[in-house]
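Quick notes on the structure that follows.
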Amino acid sequence: MLLFLDFDGVLRRKHAPLYRLEASLVERLAAVLREYPEVGTVVTSSWTDAYSLEHIKGLFPPDIAVRILGKTPRVQSQGEHTRHREVT
């Protein structure tokens, strides 16, 4: 089972500083993922344009970072539902 994870609006609220995850939201996600050890995570975020996958993994607790399996390819914006096209 995979969780496709975007950061903005999920782990960083609209008015939070750019490119800074909110620690409380990261910990909430980590707590949920710990209840489901069979779930891997794939990052689907524009953050992968600015940071390597290894850097992104470093933003998470180690037990969660090892479950980040990769990232989706970036799709050129062609209207709505860009993230949907990235994960399909």
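Residues are named by chain letter and number: chains run A, B, ... in the order of the structure tokens, numbers start at 1 in each chain, and ligands are numbered from 1 in the order shown.
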As JSON, numbers by chain, please: the residues near Val66 (chain A) (cut-off 12 Å, only C-alpha atoms, same-chain neighbours under 4 positions excluded).
{"A": [30, 33, 37, 39, 40, 41, 42, 53, 54, 56, 57, 58, 59, 60, 61, 62, 70]}
Using only C-alpha atoms, which residues sit within 10 Å of Glu22 (chain A) once same-chain residues fewer than 2 positions away are excluded, as a JSON list (two decimals) with all heavy atoms, in the first residue's frame?
[["chain", "number", "residue", "atom", "x", "y", "z"],
["A", 7, "PHE", "N", 3.22, 18.04, 0.09],
["A", 7, "PHE", "CA", 3.58, 18.74, 1.32],
["A", 7, "PHE", "C", 2.75, 19.99, 1.55],
["A", 7, "PHE", "O", 2.22, 20.21, 2.64],
["A", 7, "PHE", "CB", 5.06, 19.11, 1.33],
["A", 7, "PHE", "CG", 5.98, 17.93, 1.38],
["A", 7, "PHE", "CD1", 7.29, 18.07, 1.01],
["A", 7, "PHE", "CD2", 5.56, 16.69, 1.80],
["A", 7, "PHE", "CE1", 8.17, 17.00, 1.06],
["A", 7, "PHE", "CE2", 6.42, 15.60, 1.86],
["A", 7, "PHE", "CZ", 7.73, 15.77, 1.48],
["A", 10, "VAL", "N", -0.63, 20.13, 3.32],
["A", 10, "VAL", "CA", -0.72, 18.91, 4.12],
["A", 10, "VAL", "C", 0.21, 19.01, 5.33],
["A", 10, "VAL", "O", -0.22, 18.90, 6.47],
["A", 10, "VAL", "CB", -0.38, 17.66, 3.27],
["A", 10, "VAL", "CG1", -0.44, 16.39, 4.11],
["A", 10, "VAL", "CG2", -1.29, 17.56, 2.07],
["A", 11, "LEU", "N", 1.49, 19.21, 5.07],
["A", 11, "LEU", "CA", 2.48, 19.34, 6.15],
["A", 11, "LEU", "C", 3.03, 20.76, 6.27],
["A", 11, "LEU", "O", 3.90, 21.02, 7.08],
["A", 11, "LEU", "CB", 3.64, 18.36, 5.91],
["A", 11, "LEU", "CG", 3.23, 16.89, 5.89],
["A", 11, "LEU", "CD1", 4.44, 16.01, 5.59],
["A", 11, "LEU", "CD2", 2.57, 16.48, 7.18],
["A", 12, "ARG", "N", 2.52, 21.65, 5.45],
["A", 12, "ARG", "CA", 2.85, 23.07, 5.52],
["A", 12, "ARG", "C", 1.60, 23.84, 5.14],
["A", 12, "ARG", "O", 1.11, 23.74, 4.02],
["A", 12, "ARG", "CB", 3.98, 23.43, 4.54],
["A", 12, "ARG", "CG", 4.49, 24.86, 4.74],
["A", 12, "ARG", "CD", 5.33, 25.35, 3.58],
["A", 12, "ARG", "NE", 4.53, 25.66, 2.40],
["A", 12, "ARG", "CZ", 3.83, 26.80, 2.24],
["A", 12, "ARG", "NH1", 3.80, 27.72, 3.18],
["A", 12, "ARG", "NH2", 3.14, 26.99, 1.14],
["A", 13, "ARG", "N", 1.07, 24.56, 6.12],
["A", 13, "ARG", "CA", -0.14, 25.34, 5.87],
["A", 13, "ARG", "C", 0.16, 26.56, 5.01],
["A", 13, "ARG", "O", 1.31, 26.97, 4.88],
["A", 13, "ARG", "CB", -0.77, 25.77, 7.19],
["A", 13, "ARG", "CG", -1.41, 24.59, 7.91],
["A", 13, "ARG", "CD", -1.86, 25.00, 9.26],
["A", 13, "ARG", "NE", -1.06, 24.26, 10.23],
["A", 13, "ARG", "CZ", -1.44, 23.96, 11.44],
["A", 13, "ARG", "NH1", -2.59, 24.37, 11.88],
["A", 13, "ARG", "NH2", -0.67, 23.27, 12.22],
["A", 16, "ALA", "N", 2.42, 29.37, 6.39],
["A", 16, "ALA", "CA", 3.70, 28.99, 6.99],
["A", 16, "ALA", "C", 4.83, 29.40, 6.05],
["A", 16, "ALA", "O", 4.61, 29.59, 4.85],
["A", 16, "ALA", "CB", 3.72, 27.48, 7.24],
["A", 17, "PRO", "N", 6.04, 29.54, 6.59],
["A", 17, "PRO", "CA", 7.17, 29.89, 5.72],
["A", 17, "PRO", "C", 7.34, 28.87, 4.59],
["A", 17, "PRO", "O", 7.11, 27.67, 4.78],
["A", 17, "PRO", "CB", 8.37, 29.85, 6.67],
["A", 17, "PRO", "CG", 7.78, 30.05, 8.04],
["A", 17, "PRO", "CD", 6.42, 29.41, 7.99],
["A", 19, "TYR", "N", 8.89, 26.26, 2.06],
["A", 19, "TYR", "CA", 9.87, 25.19, 2.18],
["A", 19, "TYR", "C", 10.28, 24.91, 3.62],
["A", 19, "TYR", "O", 11.43, 24.65, 3.91],
["A", 19, "TYR", "CB", 11.11, 25.46, 1.30],
["A", 19, "TYR", "CG", 10.76, 25.42, -0.16],
["A", 19, "TYR", "CD1", 10.78, 26.58, -0.93],
["A", 19, "TYR", "CD2", 10.39, 24.23, -0.77],
["A", 19, "TYR", "CE1", 10.44, 26.54, -2.28],
["A", 19, "TYR", "CE2", 10.05, 24.18, -2.11],
["A", 19, "TYR", "CZ", 10.08, 25.33, -2.86],
["A", 19, "TYR", "OH", 9.75, 25.29, -4.19],
["A", 20, "ARG", "N", 9.30, 24.96, 4.50],
["A", 20, "ARG", "CA", 9.52, 24.56, 5.90],
["A", 20, "ARG", "C", 8.31, 23.78, 6.37],
["A", 20, "ARG", "O", 7.22, 24.34, 6.49],
["A", 20, "ARG", "CB", 9.74, 25.78, 6.78],
["A", 20, "ARG", "CG", 10.23, 25.36, 8.17],
["A", 20, "ARG", "CD", 10.62, 26.50, 9.05],
["A", 20, "ARG", "NE", 11.52, 27.43, 8.39],
["A", 20, "ARG", "CZ", 11.71, 28.68, 8.78],
["A", 20, "ARG", "NH1", 11.06, 29.14, 9.83],
["A", 20, "ARG", "NH2", 12.52, 29.47, 8.13],
["A", 24, "SER", "N", 4.69, 19.93, 14.02],
["A", 24, "SER", "CA", 3.52, 19.28, 14.62],
["A", 24, "SER", "C", 2.75, 18.45, 13.60],
["A", 24, "SER", "O", 2.23, 17.38, 13.93],
["A", 24, "SER", "CB", 2.59, 20.32, 15.26],
["A", 24, "SER", "OG", 2.06, 21.19, 14.28],
["A", 25, "LEU", "N", 2.71, 18.91, 12.35],
["A", 25, "LEU", "CA", 2.02, 18.17, 11.32],
["A", 25, "LEU", "C", 2.81, 16.95, 10.88],
["A", 25, "LEU", "O", 2.24, 15.89, 10.61],
["A", 25, "LEU", "CB", 1.71, 19.08, 10.13],
["A", 25, "LEU", "CG", 0.81, 20.28, 10.44],
["A", 25, "LEU", "CD1", 0.63, 21.15, 9.20],
["A", 25, "LEU", "CD2", -0.53, 19.84, 11.00],
["A", 26, "VAL", "N", 4.13, 17.08, 10.82],
["A", 26, "VAL", "CA", 4.98, 15.93, 10.50],
["A", 26, "VAL", "C", 4.81, 14.86, 11.57],
["A", 26, "VAL", "O", 4.68, 13.67, 11.26],
["A", 26, "VAL", "CB", 6.46, 16.35, 10.38],
["A", 26, "VAL", "CG1", 7.37, 15.14, 10.28],
["A", 26, "VAL", "CG2", 6.66, 17.27, 9.18],
["A", 27, "GLU", "N", 4.77, 15.26, 12.81],
["A", 27, "GLU", "CA", 4.63, 14.28, 13.90],
["A", 27, "GLU", "C", 3.25, 13.62, 13.87],
["A", 27, "GLU", "O", 3.14, 12.42, 14.14],
["A", 27, "GLU", "CB", 4.89, 14.92, 15.26],
["A", 27, "GLU", "CG", 4.98, 13.92, 16.38],
["A", 27, "GLU", "CD", 5.88, 12.71, 16.09],
["A", 27, "GLU", "OE1", 7.01, 12.89, 15.61],
["A", 27, "GLU", "OE2", 5.44, 11.56, 16.33]]
Return as a PDB file with C-alpha atoms, in the first residue's frame the full set of residues in chain A whose backbone-based DSSP assignment is helix (DSSP H, G or I).
ATOM      1  CA  ALA A  23       6.896  19.914  12.991  1.00  0.00           C
ATOM      2  CA  SER A  24       3.524  19.278  14.622  1.00  0.00           C
ATOM      3  CA  LEU A  25       2.015  18.169  11.316  1.00  0.00           C
ATOM      4  CA  VAL A  26       4.985  15.934  10.503  1.00  0.00           C
ATOM      5  CA  GLU A  27       4.628  14.283  13.898  1.00  0.00           C
ATOM      6  CA  ARG A  28       0.884  13.755  13.395  1.00  0.00           C
ATOM      7  CA  LEU A  29       1.538  12.052  10.083  1.00  0.00           C
ATOM      8  CA  ALA A  30       4.329   9.965  11.617  1.00  0.00           C
ATOM      9  CA  ALA A  31       2.024   8.835  14.418  1.00  0.00           C
ATOM     10  CA  VAL A  32      -0.596   7.691  11.916  1.00  0.00           C
ATOM     11  CA  LEU A  33       1.960   5.935   9.711  1.00  0.00           C
ATOM     12  CA  ARG A  34       3.355   4.087  12.726  1.00  0.00           C
ATOM     13  CA  TRP A  47       9.577  20.313  -3.270  1.00  0.00           C
ATOM     14  CA  THR A  48      11.347  17.637  -5.300  1.00  0.00           C
ATOM     15  CA  ASP A  49      12.282  20.395  -7.771  1.00  0.00           C
ATOM     16  CA  ALA A  50      14.247  22.165  -5.038  1.00  0.00           C
ATOM     17  CA  LEU A  53      14.932  12.840  -2.086  1.00  0.00           C
ATOM     18  CA  GLU A  54      17.641  12.259   0.532  1.00  0.00           C
ATOM     19  CA  HIS A  55      17.223  15.810   1.832  1.00  0.00           C
ATOM     20  CA  ILE A  56      13.452  15.353   1.977  1.00  0.00           C
ATOM     21  CA  LYS A  57      13.839  12.087   3.896  1.00  0.00           C
ATOM     22  CA  PRO A  62      14.221   8.082  10.833  1.00  0.00           C
ATOM     23  CA  ASP A  63      11.618   5.328  11.178  1.00  0.00           C
ATOM     24  CA  ILE A  64       9.375   7.166   8.733  1.00  0.00           C
ATOM     25  CA  ALA A  65      12.164   8.314   6.393  1.00  0.00           C
ATOM     26  CA  THR A  82      -1.633  17.836 -11.893  1.00  0.00           C
ATOM     27  CA  ARG A  83      -0.995  15.623  -8.859  1.00  0.00           C
ATOM     28  CA  HIS A  84      -3.482  13.064 -10.158  1.00  0.00           C
ATOM     29  CA  ARG A  85      -1.576  12.829 -13.433  1.00  0.00           C
ATOM     30  CA  GLU A  86       1.706  12.438 -11.520  1.00  0.00           C
ATOM     31  CA  VAL A  87       0.527   9.374  -9.608  1.00  0.00           C
TER      32      VAL A  87
END
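The space separating CA of His15 (chain A) from CA of Leu2 (chain A) comes to 28.3 Å.
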